[in-house]
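Source file: run.cif (mmCIF, C-alpha atoms)
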data_query
#
loop_
_atom_site.label_atom_id
_atom_site.label_comp_id
_atom_site.auth_asym_id
_atom_site.auth_seq_id
_atom_site.Cartn_x
_atom_site.Cartn_y
_atom_site.Cartn_z
CA MET A 1 -20.22 -19.01 -4.18
CA ARG A 2 -17.93 -16.13 -3.16
CA ILE A 3 -14.40 -17.37 -2.33
CA LEU A 4 -11.64 -15.53 -0.50
CA TYR A 5 -8.12 -16.92 -0.84
CA HIS A 6 -6.29 -15.85 2.28
CA HIS A 7 -3.77 -16.89 4.87
CA TRP A 8 -3.81 -16.51 8.67
CA LEU A 9 -0.45 -14.74 8.56
CA SER A 10 -1.50 -12.05 6.09
CA PRO A 11 -2.68 -8.95 7.97
CA VAL A 12 -4.20 -7.48 4.79
CA ALA A 13 -6.21 -10.67 4.23
CA ARG A 14 -7.41 -10.38 7.85
CA ARG A 15 -8.69 -6.88 7.11
CA VAL A 16 -10.58 -8.16 4.07
CA ARG A 17 -12.16 -10.94 6.15
CA LEU A 18 -13.37 -8.42 8.73
CA ALA A 19 -14.78 -6.15 6.00
CA LEU A 20 -16.60 -9.03 4.28
CA HIS A 21 -18.17 -10.22 7.54
CA GLU A 22 -19.08 -6.71 8.72
CA LYS A 23 -20.91 -6.26 5.41
CA ARG A 24 -22.59 -9.65 6.02
CA LEU A 25 -21.34 -11.04 2.74
CA ILE A 26 -21.24 -14.82 2.81
CA VAL A 27 -17.82 -16.11 1.75
CA HIS A 28 -15.91 -19.37 1.69
CA GLU A 29 -12.48 -18.72 3.20
CA GLN A 30 -9.86 -20.78 1.41
CA ILE A 31 -6.34 -20.99 2.85
CA GLN A 32 -3.61 -20.33 0.24
CA GLU A 33 0.06 -20.65 1.19
CA ASP A 34 1.19 -17.90 -1.15
CA TRP A 35 4.89 -18.58 -0.68
CA VAL A 36 4.43 -21.94 -2.49
CA ARG A 37 4.29 -21.70 -6.31
CA ASP A 38 0.81 -22.71 -7.50
CA GLU A 39 0.01 -22.22 -11.19
CA ASN A 40 -3.76 -22.25 -10.59
CA PHE A 41 -3.43 -19.45 -8.06
CA LEU A 42 -1.03 -17.49 -10.30
CA ALA A 43 -3.68 -17.65 -13.02
CA LEU A 44 -6.01 -15.80 -10.64
CA ASN A 45 -3.39 -13.31 -9.44
CA PRO A 46 -0.08 -13.02 -11.32
CA ALA A 47 1.42 -11.25 -8.28
CA GLY A 48 0.94 -14.58 -6.44
CA THR A 49 -0.17 -12.98 -3.19
CA VAL A 50 -3.22 -13.29 -0.94
CA PRO A 51 -5.85 -11.98 -0.56
CA VAL A 52 -7.75 -12.74 -3.76
CA LEU A 53 -11.54 -12.55 -3.92
CA VAL A 54 -13.58 -14.47 -6.48
CA ASP A 55 -17.00 -12.85 -6.40
CA GLU A 56 -20.31 -14.63 -7.00
CA ASP A 57 -20.30 -13.62 -10.68
CA GLY A 58 -16.77 -15.01 -11.18
CA GLN A 59 -15.11 -11.57 -11.07
CA VAL A 60 -11.56 -11.94 -9.68
CA ILE A 61 -10.26 -9.13 -7.46
CA SER A 62 -6.62 -9.18 -6.31
CA ASP A 63 -4.85 -7.06 -3.70
CA GLY A 64 -6.26 -6.20 -0.28
CA ASN A 65 -6.78 -2.51 -0.92
CA ALA A 66 -8.45 -3.17 -4.27
CA ILE A 67 -10.76 -5.74 -2.62
CA CYS A 68 -11.77 -3.38 0.20
CA GLU A 69 -12.50 -0.53 -2.24
CA TYR A 70 -14.40 -2.96 -4.50
CA LEU A 71 -16.55 -4.14 -1.59
CA GLU A 72 -17.28 -0.49 -0.83
CA ASP A 73 -18.22 0.10 -4.50
CA VAL A 74 -20.57 -2.88 -4.76
CA ASN A 75 -21.93 -3.04 -1.22
CA SER A 76 -21.86 0.30 0.51
CA THR A 77 -24.10 -0.65 3.48
CA PRO A 78 -22.59 -0.39 5.98
CA SER A 79 -19.97 1.93 4.53
CA LEU A 80 -16.49 1.33 5.92
CA ILE A 81 -15.07 4.44 4.18
CA PRO A 82 -17.81 6.88 5.17
CA GLY A 83 -18.14 10.64 5.18
CA ASN A 84 -16.91 13.52 3.08
CA PRO A 85 -13.67 13.37 1.05
CA GLY A 86 -11.59 14.58 4.02
CA GLN A 87 -13.06 11.97 6.35
CA ARG A 88 -12.57 9.25 3.74
CA ALA A 89 -8.94 10.36 3.37
CA GLU A 90 -8.47 10.02 7.14
CA VAL A 91 -9.69 6.40 6.95
CA ARG A 92 -7.26 5.66 4.14
CA ARG A 93 -4.38 7.46 5.89
CA LEU A 94 -4.82 5.21 8.91
CA VAL A 95 -5.15 2.07 6.81
CA ALA A 96 -1.78 2.99 5.27
CA TRP A 97 -0.37 3.75 8.76
CA PHE A 98 -1.00 0.15 9.81
CA ASP A 99 -0.25 -1.58 6.50
CA LEU A 100 3.02 0.31 5.97
CA LYS A 101 4.35 1.68 9.26
CA PHE A 102 2.95 -0.81 11.79
CA ASN A 103 3.77 -3.61 9.38
CA ALA A 104 7.40 -2.54 8.96
CA GLU A 105 7.95 -1.82 12.66
CA VAL A 106 5.94 -4.61 14.32
CA THR A 107 4.12 -7.18 12.20
CA TYR A 108 6.80 -8.07 9.69
CA PRO A 109 9.67 -8.44 12.21
CA LEU A 110 7.56 -10.59 14.56
CA VAL A 111 5.69 -12.71 12.01
CA SER A 112 8.70 -13.35 9.79
CA GLU A 113 10.94 -14.34 12.68
CA LYS A 114 8.48 -16.15 14.96
CA LEU A 115 6.03 -17.79 12.56
CA MET A 116 7.26 -17.80 8.96
CA LYS A 117 10.63 -19.31 9.82
CA ARG A 118 8.81 -22.06 11.69
CA MET A 119 6.38 -22.70 8.82
CA ILE A 120 8.75 -22.62 5.86
CA GLY A 121 11.98 -23.58 7.58
CA GLY A 122 15.13 -21.51 7.43
CA SER A 123 17.59 -19.99 9.84
CA ALA A 124 17.00 -19.48 13.57
CA PRO A 125 14.77 -16.55 14.58
CA ASP A 126 16.65 -13.25 14.90
CA SER A 127 16.17 -12.17 18.50
CA ARG A 128 17.01 -8.52 17.73
CA SER A 129 14.11 -8.30 15.26
CA ILE A 130 11.78 -9.86 17.81
CA ARG A 131 12.89 -7.43 20.53
CA ALA A 132 12.44 -4.48 18.18
CA GLY A 133 8.93 -5.58 17.18
CA ARG A 134 7.93 -6.05 20.83
CA ALA A 135 9.25 -2.59 21.74
CA ASN A 136 7.68 -0.83 18.73
CA VAL A 137 4.18 -2.14 19.40
CA ASN A 138 3.96 0.14 22.45
CA ILE A 139 4.24 3.30 20.34
CA HIS A 140 1.37 2.18 18.15
CA LEU A 141 -0.85 1.20 21.09
CA ASP A 142 -0.20 4.68 22.50
CA TYR A 143 -1.28 6.17 19.18
CA ILE A 144 -4.50 4.10 19.24
CA ALA A 145 -5.15 5.37 22.80
CA TRP A 146 -4.51 8.96 21.69
CA LEU A 147 -6.94 8.62 18.79
CA THR A 148 -9.71 6.85 20.71
CA ASP A 149 -9.43 9.37 23.53
CA ARG A 150 -10.57 11.99 20.98
CA ARG A 151 -12.87 9.92 18.76
CA LYS A 152 -15.15 6.94 19.25
CA TRP A 153 -13.29 4.92 16.62
CA LEU A 154 -9.84 5.43 15.04
CA ALA A 155 -10.85 7.62 12.09
CA GLY A 156 -13.86 9.37 13.67
CA ASN A 157 -17.15 8.53 15.32
CA GLN A 158 -17.97 5.67 12.99
CA LEU A 159 -16.39 2.25 12.73
CA THR A 160 -14.29 2.17 9.55
CA LEU A 161 -11.73 0.22 7.60
CA ALA A 162 -9.09 2.00 9.73
CA ASP A 163 -10.24 0.04 12.81
CA PHE A 164 -10.16 -3.17 10.80
CA ALA A 165 -6.68 -2.44 9.43
CA ALA A 166 -5.38 -1.87 12.96
CA ALA A 167 -7.22 -4.87 14.40
CA ALA A 168 -6.00 -7.09 11.57
CA HIS A 169 -2.37 -6.45 12.51
CA ILE A 170 -2.94 -6.43 16.26
CA SER A 171 -4.91 -9.70 16.22
CA LEU A 172 -1.94 -11.36 14.56
CA ILE A 173 0.48 -9.98 17.15
CA ASP A 174 -1.97 -11.01 19.88
CA TYR A 175 -2.02 -14.56 18.48
CA MET A 176 1.71 -14.65 19.24
CA GLY A 177 1.09 -13.27 22.74
CA ASP A 178 3.10 -10.11 22.02
CA VAL A 179 0.56 -7.39 22.87
CA PRO A 180 1.26 -5.93 26.35
CA TRP A 181 -2.42 -5.24 27.06
CA ASP A 182 -1.91 -4.54 30.77
CA GLN A 183 0.10 -1.42 29.95
CA HIS A 184 -2.42 -0.09 27.42
CA PRO A 185 -5.91 0.05 28.95
CA LEU A 186 -7.35 2.53 26.41
CA ALA A 187 -6.16 0.54 23.42
CA LYS A 188 -7.49 -2.58 25.13
CA GLU A 189 -10.92 -0.99 25.61
CA TRP A 190 -11.03 -0.21 21.87
CA TYR A 191 -9.94 -3.74 20.98
CA VAL A 192 -12.52 -5.34 23.30
CA ARG A 193 -15.25 -3.36 21.52
CA LEU A 194 -14.05 -4.60 18.14
CA LYS A 195 -13.45 -8.16 19.25
CA SER A 196 -17.01 -8.57 20.49
CA ARG A 197 -18.48 -7.77 17.07
CA PRO A 198 -19.82 -10.76 15.08
CA CYS A 199 -17.44 -9.99 12.18
CA PHE A 200 -14.48 -10.80 14.45
CA ARG A 201 -15.47 -14.43 15.06
CA THR A 202 -13.70 -15.67 11.95
CA LEU A 203 -10.32 -14.39 13.20
CA LEU A 204 -10.79 -15.76 16.72
CA GLN A 205 -11.26 -19.26 15.34
CA ASP A 206 -7.91 -19.21 13.50
CA GLN A 207 -5.56 -22.07 14.27
CA VAL A 208 -2.09 -21.64 12.82
CA PRO A 209 -0.73 -25.22 12.53
CA GLY A 210 1.78 -25.96 15.28
CA VAL A 211 1.29 -22.60 17.02
CA LEU A 212 -1.24 -22.35 19.85
CA PRO A 213 -2.47 -18.84 20.66
CA PRO A 214 -2.43 -17.65 24.29
CA ARG A 215 -5.55 -18.48 26.28
CA HIS A 216 -6.89 -14.90 26.10
CA TYR A 217 -6.71 -14.75 22.26
CA ALA A 218 -10.32 -15.84 21.69
CA ASP A 219 -11.75 -14.53 25.00
CA LEU A 220 -14.12 -11.62 24.48
CA ASP A 221 -13.59 -10.51 28.08
CA PHE A 222 -9.87 -10.76 28.69
CA MET B 1 -2.61 27.83 -2.47
CA ARG B 2 -2.49 24.04 -2.79
CA ILE B 3 0.85 22.60 -1.62
CA LEU B 4 2.29 19.15 -2.23
CA TYR B 5 5.18 18.05 -0.03
CA HIS B 6 7.10 15.52 -2.06
CA HIS B 7 10.56 14.27 -2.90
CA TRP B 8 12.08 13.30 -6.26
CA LEU B 9 13.01 9.88 -4.92
CA SER B 10 9.50 8.94 -3.77
CA PRO B 11 7.71 7.00 -6.50
CA VAL B 12 4.36 7.42 -4.76
CA ALA B 13 4.84 11.20 -4.64
CA ARG B 14 5.62 11.08 -8.37
CA ARG B 15 2.28 9.35 -8.97
CA VAL B 16 0.47 12.07 -7.02
CA ARG B 17 2.23 14.80 -9.04
CA LEU B 18 1.12 13.16 -12.29
CA ALA B 19 -2.47 12.84 -11.03
CA LEU B 20 -2.60 16.48 -9.88
CA HIS B 21 -1.29 17.77 -13.20
CA GLU B 22 -3.51 15.46 -15.30
CA LYS B 23 -6.49 16.87 -13.39
CA ARG B 24 -5.11 20.37 -14.09
CA LEU B 25 -5.01 21.24 -10.39
CA ILE B 26 -2.54 24.02 -9.72
CA VAL B 27 -0.13 23.06 -6.97
CA HIS B 28 3.07 24.33 -5.43
CA GLU B 29 5.51 21.42 -5.24
CA GLN B 30 7.57 21.64 -2.06
CA ILE B 31 10.57 19.33 -1.61
CA GLN B 32 10.63 17.61 1.79
CA GLU B 33 13.54 15.37 2.77
CA ASP B 34 11.41 13.04 4.82
CA TRP B 35 14.35 11.13 6.30
CA VAL B 36 15.32 14.28 8.26
CA ARG B 37 13.29 14.87 11.43
CA ASP B 38 11.19 18.04 11.00
CA GLU B 39 8.64 18.86 13.71
CA ASN B 40 6.62 21.13 11.42
CA PHE B 41 6.27 18.35 8.89
CA LEU B 42 5.47 15.76 11.58
CA ALA B 43 2.64 18.04 12.72
CA LEU B 44 1.16 17.66 9.23
CA ASN B 45 1.79 13.93 8.97
CA PRO B 46 2.76 11.98 12.10
CA ALA B 47 4.01 9.14 9.88
CA GLY B 48 6.67 11.61 8.67
CA THR B 49 6.52 10.51 5.04
CA VAL B 50 5.89 12.25 1.71
CA PRO B 51 3.62 12.83 -0.10
CA VAL B 52 1.41 15.19 1.91
CA LEU B 53 -1.13 17.45 0.24
CA VAL B 54 -2.41 20.64 1.84
CA ASP B 55 -5.50 21.54 -0.15
CA GLU B 56 -6.72 25.06 -0.87
CA ASP B 57 -9.08 24.98 2.12
CA GLY B 58 -6.26 23.89 4.46
CA GLN B 59 -7.32 20.24 4.54
CA VAL B 60 -4.24 18.04 5.08
CA ILE B 61 -4.16 14.70 3.27
CA SER B 62 -1.33 12.25 4.00
CA ASP B 63 -0.33 9.06 2.19
CA GLY B 64 -0.13 8.67 -1.56
CA ASN B 65 -3.06 6.31 -1.94
CA ALA B 66 -5.26 8.48 0.27
CA ILE B 67 -4.31 11.57 -1.77
CA CYS B 68 -5.08 9.91 -5.12
CA GLU B 69 -8.47 8.64 -3.87
CA TYR B 70 -9.19 12.09 -2.37
CA LEU B 71 -8.40 13.79 -5.69
CA GLU B 72 -10.81 11.36 -7.34
CA ASP B 73 -13.47 12.18 -4.73
CA VAL B 74 -13.18 15.96 -5.08
CA ASN B 75 -12.25 16.28 -8.74
CA SER B 76 -13.49 13.40 -10.83
CA THR B 77 -12.88 14.99 -14.26
CA PRO B 78 -10.94 13.38 -15.75
CA SER B 79 -11.44 10.24 -13.68
CA LEU B 80 -8.27 8.25 -13.11
CA ILE B 81 -10.16 5.32 -11.54
CA PRO B 82 -12.92 5.02 -14.13
CA GLY B 83 -15.47 2.38 -14.97
CA ASN B 84 -17.51 -0.19 -13.11
CA PRO B 85 -16.37 -1.74 -9.80
CA GLY B 86 -14.44 -4.50 -11.57
CA GLN B 87 -12.62 -2.04 -13.83
CA ARG B 88 -11.83 0.19 -10.85
CA ALA B 89 -10.44 -2.85 -9.03
CA GLU B 90 -8.18 -3.58 -12.00
CA VAL B 91 -6.74 -0.04 -11.75
CA ARG B 92 -6.08 -0.48 -8.03
CA ARG B 93 -4.61 -3.98 -8.52
CA LEU B 94 -2.05 -2.56 -10.94
CA VAL B 95 -1.28 0.41 -8.68
CA ALA B 96 -0.49 -2.12 -5.94
CA TRP B 97 1.55 -4.21 -8.42
CA PHE B 98 3.91 -1.27 -8.96
CA ASP B 99 3.90 0.15 -5.44
CA LEU B 100 4.49 -3.23 -3.79
CA LYS B 101 6.01 -5.70 -6.26
CA PHE B 102 7.90 -3.40 -8.63
CA ASN B 103 9.03 -1.33 -5.66
CA ALA B 104 10.40 -4.34 -3.78
CA GLU B 105 12.04 -5.91 -6.84
CA VAL B 106 13.33 -2.85 -8.71
CA THR B 107 12.81 0.64 -7.28
CA TYR B 108 13.84 0.08 -3.69
CA PRO B 109 17.05 -1.91 -4.45
CA LEU B 110 18.19 0.62 -7.07
CA VAL B 111 17.15 3.86 -5.36
CA SER B 112 18.36 2.88 -1.90
CA GLU B 113 21.75 1.70 -3.17
CA LYS B 114 22.44 4.19 -5.95
CA LEU B 115 20.80 7.41 -4.74
CA MET B 116 19.86 7.29 -1.06
CA LYS B 117 23.30 6.17 0.08
CA ARG B 118 24.79 9.06 -1.88
CA MET B 119 22.32 11.59 -0.45
CA ILE B 120 22.32 10.57 3.22
CA GLY B 121 25.75 8.99 3.37
CA GLY B 122 26.37 5.48 4.66
CA SER B 123 28.07 2.34 3.47
CA ALA B 124 29.13 1.64 -0.13
CA PRO B 125 26.39 0.63 -2.58
CA ASP B 126 25.64 -3.11 -2.57
CA SER B 127 26.37 -4.28 -6.12
CA ARG B 128 24.25 -7.44 -5.68
CA SER B 129 21.14 -5.34 -5.00
CA ILE B 130 21.89 -3.16 -8.01
CA ARG B 131 22.34 -6.19 -10.27
CA ALA B 132 19.10 -7.72 -8.98
CA GLY B 133 17.13 -4.51 -9.59
CA ARG B 134 18.53 -4.19 -13.12
CA ALA B 135 17.61 -7.80 -13.92
CA ASN B 136 14.12 -7.60 -12.40
CA VAL B 137 13.08 -4.53 -14.37
CA ASN B 138 12.97 -6.67 -17.52
CA ILE B 139 10.18 -8.87 -16.14
CA HIS B 140 8.04 -5.81 -15.42
CA LEU B 141 8.68 -4.22 -18.82
CA ASP B 142 7.56 -7.52 -20.36
CA TYR B 143 4.39 -7.37 -18.26
CA ILE B 144 3.72 -3.80 -19.49
CA ALA B 145 4.20 -4.99 -23.08
CA TRP B 146 1.83 -7.91 -22.47
CA LEU B 147 -0.84 -5.60 -21.05
CA THR B 148 -0.53 -2.87 -23.70
CA ASP B 149 -0.60 -5.47 -26.46
CA ARG B 150 -4.16 -6.26 -25.28
CA ARG B 151 -5.34 -2.86 -24.05
CA LYS B 152 -4.67 0.73 -25.02
CA TRP B 153 -3.47 1.57 -21.51
CA LEU B 154 -2.41 -0.69 -18.63
CA ALA B 155 -5.80 -1.17 -16.96
CA GLY B 156 -8.02 -0.89 -20.05
CA ASN B 157 -8.75 1.48 -22.87
CA GLN B 158 -8.57 4.61 -20.71
CA LEU B 159 -5.56 6.25 -19.13
CA THR B 160 -5.72 5.57 -15.38
CA LEU B 161 -3.83 5.79 -12.14
CA ALA B 162 -2.30 2.40 -13.05
CA ASP B 163 -0.34 4.05 -15.89
CA PHE B 164 0.78 6.79 -13.53
CA ALA B 165 1.84 4.31 -10.84
CA ALA B 166 3.94 2.42 -13.36
CA ALA B 167 5.37 5.58 -14.95
CA ALA B 168 6.19 7.02 -11.53
CA HIS B 169 8.47 4.08 -10.74
CA ILE B 170 9.87 3.73 -14.23
CA SER B 171 10.68 7.45 -14.55
CA LEU B 172 12.77 7.16 -11.40
CA ILE B 173 14.63 4.12 -12.75
CA ASP B 174 15.04 5.95 -16.07
CA TYR B 175 16.59 8.93 -14.23
CA MET B 176 19.32 6.52 -13.11
CA GLY B 177 19.73 5.23 -16.67
CA ASP B 178 18.65 1.71 -15.70
CA VAL B 179 15.78 1.07 -18.11
CA PRO B 180 16.94 -1.11 -21.06
CA TRP B 181 14.56 0.57 -23.53
CA ASP B 182 16.17 -0.97 -26.62
CA GLN B 183 15.09 -4.43 -25.53
CA HIS B 184 11.50 -3.41 -24.80
CA PRO B 185 9.95 -1.61 -27.78
CA LEU B 186 6.32 -2.13 -26.71
CA ALA B 187 6.90 -0.80 -23.21
CA LYS B 188 8.84 2.08 -24.76
CA GLU B 189 5.93 2.91 -27.06
CA TRP B 190 3.59 3.08 -24.03
CA TYR B 191 6.08 5.23 -22.11
CA VAL B 192 6.58 7.65 -25.04
CA ARG B 193 2.81 8.18 -25.16
CA LEU B 194 2.73 8.99 -21.44
CA LYS B 195 5.87 11.11 -21.46
CA SER B 196 4.50 13.42 -24.13
CA ARG B 197 1.46 14.36 -22.02
CA PRO B 198 1.57 17.81 -20.39
CA CYS B 199 1.20 16.27 -16.90
CA PHE B 200 4.61 14.63 -17.31
CA ARG B 201 6.56 17.88 -17.65
CA THR B 202 6.97 18.25 -13.91
CA LEU B 203 8.84 14.95 -13.64
CA LEU B 204 11.06 15.65 -16.63
CA GLN B 205 12.32 18.84 -15.00
CA ASP B 206 13.50 17.04 -11.84
CA GLN B 207 17.12 17.59 -10.88
CA VAL B 208 18.32 15.35 -8.07
CA PRO B 209 21.26 17.26 -6.53
CA GLY B 210 24.56 15.76 -7.58
CA VAL B 211 22.99 13.22 -9.93
CA LEU B 212 22.61 14.08 -13.60
CA PRO B 213 20.04 12.05 -15.54
CA PRO B 214 21.03 10.46 -18.87
CA ARG B 215 20.52 12.70 -21.91
CA HIS B 216 17.37 10.85 -23.04
CA TYR B 217 15.56 11.30 -19.67
CA ALA B 218 13.75 14.50 -20.66
CA ASP B 219 13.61 13.81 -24.42
CA LEU B 220 10.09 13.18 -25.64
CA ASP B 221 11.41 11.36 -28.69
CA PHE B 222 14.17 9.10 -27.42
#
In structure tokens, what does this structure look like?
Amino acid sequence: MRILYHHWLSPVARRVRLALHEKRLIVHEQIQEDWVRDENFLALNPAGTVPVLVDEDGQVISDGNAICEYLEDVNSTPSLIPGNPGQRAEVRRLVAWFDLKFNAEVTYPLVSEKLMKRMIGGSAPDSRSIRAGRANVNIHLDYIAWLTDRRKWLAGNQLTLADFAAAAHISLIDYMGDVPWDQHPLAKEWYVRLKSRPCFRTLLQDQVPGVLPPRHYADLDF
Amino acid sequence: MRILYHHWLSPVARRVRLALHEKRLIVHEQIQEDWVRDENFLALNPAGTVPVLVDEDGQVISDGNAICEYLEDVNSTPSLIPGNPGQRAEVRRLVAWFDLKFNAEVTYPLVSEKLMKRMIGGSAPDSRSIRAGRANVNIHLDYIAWLTDRRKWLAGNQLTLADFAAAAHISLIDYMGDVPWDQHPLAKEWYVRLKSRPCFRTLLQDQVPGVLPPRHYADLDF
């Protein structure tokens, strides 16, 4: 049985879940609170972070990028990093855009202040960080609109890991109700297309304990 | 002419330089201070960060991971991500170990406090961050010793991008004189082997303006 150790709040783990389901690989999704020390989990991944994949043959793969490249190596249909070397580089550039830039400007400030502090305790949420995250998301939604005005999907005319990297972060922000969809119709059109794919069902069923998503979170037609 | 936009203080750009030279690809290394707004550079990479590679055919590749994977796609001899899917995943896991974990625990605290504040101005260096970075480096040197006690190189018996990721960060820390080599003979033995390779020469010639490296920085036998 293939097992993915993940957590709802990890955008990189969300990307891996989308990739696994798009490739129709059956997986048991196991929640791992990776901020709690767990010797059994550290034996799988000494970095102590989700996601970690244990494949059917027992092979352990740690780190979200390594898992996505591994899935591409072992199961290239459908390919999520398709095309020639330049096109593949464009997919990876955009994955890094969301995992580094979007994460630093939007996901981390919002998730750490609004959700992590609630889950692990700690000081009161920092309202400046929350305001900054909510303002920054607009720039990224504009960038998604700019890209999808020129291409069918973010990295070109095929669905790729770049779309999943973006959707992984945005779905988490959407769970908190912090995506101003009304002001971004082109980005919304792209997200509706992604959200209606079967691979997305796993994310739409997420229930972060003690935090209800807005009503539209799981609606395919919102 | 192939051009790499990079900066001495970017560990990811250092990894790309090592990979380019190991693959014997001729490249002009162009310093880009990516914290200064530069419209021409933003036109190449809207994220505004180094490294950016402009290949001989004019193809622009942004983001360090994307560049390293691109180099592997177009020039696989020697391969820096060799082996079967599991072995390739081990290389990428260790690249992420250094670019995420080592960076957060060692490189970022030391570089931002000791070098960036000097270069761009700002408040006085935070001595707590510097102490933390200097303490944390020991854990990672122990991990390198543990790995190289079991394998010839970090990810297995071949030199890979994992060694270059580690060496990229460590060479930067070494430039500041903050690697306690005397306490880590096994890690030192691994680093001496890497440092004596021709690909390493480019890093050993670095001269950060206003910051002299310790005498041993460029010595192959230190």
All residues 9 Å or closer to B:Val52, only C-alpha atoms, same chain fewer than 5 positions away omitted, as a ChimeraX atom specification = /B:3-6,13,44-45,60-64,67
Quick one: which residues end up in the PyMOL selection byres ((chain A and resi 144) around 10) for this structure, as an MDAnalysis selection string?
-> chainID A and resid 138:143 145:149 153:154 163 166 184 186:188 190:191
Dump as an NGL selection string the residues of chain A that approach chain B to within 9 Å, counting only C-alpha atoms.
-> :A and (47 or 59-67 or 69-71 or 73-74 or 84-86 or 88-94 or 96-97 or 101)
Could you expand the PyMOL selection byres ((chain B and resi 214) around 9) into the explicit residues it covers here, written as number ranges by chain?
-> B: 174-177, 212-213, 215-218
Mind telling me what the PyMOL selection byres ((chain A and resi 178) around 10) catches here, as a ChimeraX atom specification?
-> /A:106,110,130,133-135,137,170-177,179-181,214
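Of the residues listed (B:Leu159, B:Met119, B:Leu80, B:Met1), B:Met119 shows the shortest atom-to-atom separation from B:Pro209; distances use all atoms listed in the file.
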Do you know which residues are at most 7 Å from stretch 14-24 of chain B counting only C-alpha atoms, after dropping those on the same chain fewer than 2 positions away, and could you put them as an mmCIF file with C-alpha atoms, in the coordinates of the input?
data_model
loop_
_atom_site.group_PDB
_atom_site.id
_atom_site.type_symbol
_atom_site.label_atom_id
_atom_site.label_comp_id
_atom_site.auth_asym_id
_atom_site.auth_seq_id
_atom_site.Cartn_x
_atom_site.Cartn_y
_atom_site.Cartn_z
ATOM 1 C CA SER B 10 9.500 8.940 -3.770
ATOM 2 C CA PRO B 11 7.710 7.000 -6.500
ATOM 3 C CA VAL B 12 4.360 7.420 -4.760
ATOM 4 C CA ILE B 26 -2.540 24.020 -9.720
ATOM 5 C CA GLY B 64 -0.130 8.670 -1.560
ATOM 6 C CA CYS B 68 -5.080 9.910 -5.120
ATOM 7 C CA THR B 77 -12.880 14.990 -14.260
ATOM 8 C CA PRO B 78 -10.940 13.380 -15.750
ATOM 9 C CA PHE B 164 0.780 6.790 -13.530
ATOM 10 C CA ALA B 165 1.840 4.310 -10.840
ATOM 11 C CA ALA B 168 6.190 7.020 -11.530
ATOM 12 C CA CYS B 199 1.200 16.270 -16.900
ATOM 13 C CA PHE B 200 4.610 14.630 -17.310
#
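Among the candidates A:Met116, A:Val192, A:Leu42, A:Val208, the one nearest to A:Leu220 when counting all atoms listed in the file is A:Val192.
The coordinates place atom CA of A:Pro51 at 9.6 Å from atom CA of A:Ile31.
Interatomic distance, atom CA of B:Arg150 against atom CA of B:Asn136: 22.4 Å.
Residue nearest B:Gly58, chosen from B:Arg2, B:Gly121, B:Asp99, B:Asn157 and counting all atoms listed in the file: B:Arg2.
What separates atom CA of A:Gly156 from atom CA of B:Thr49 is a distance of 22.2 Å.
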Report as JSON the centre and the edge lengths, in Å to one decimal, of the axis-aligned box holding every listed atom of stretch 177-181 of chain B, padded by 6 Å on each side.
{"center_x": 17.1, "center_y": 2.1, "center_z": -19.6, "size_x": 17.2, "size_y": 18.3, "size_z": 19.8}
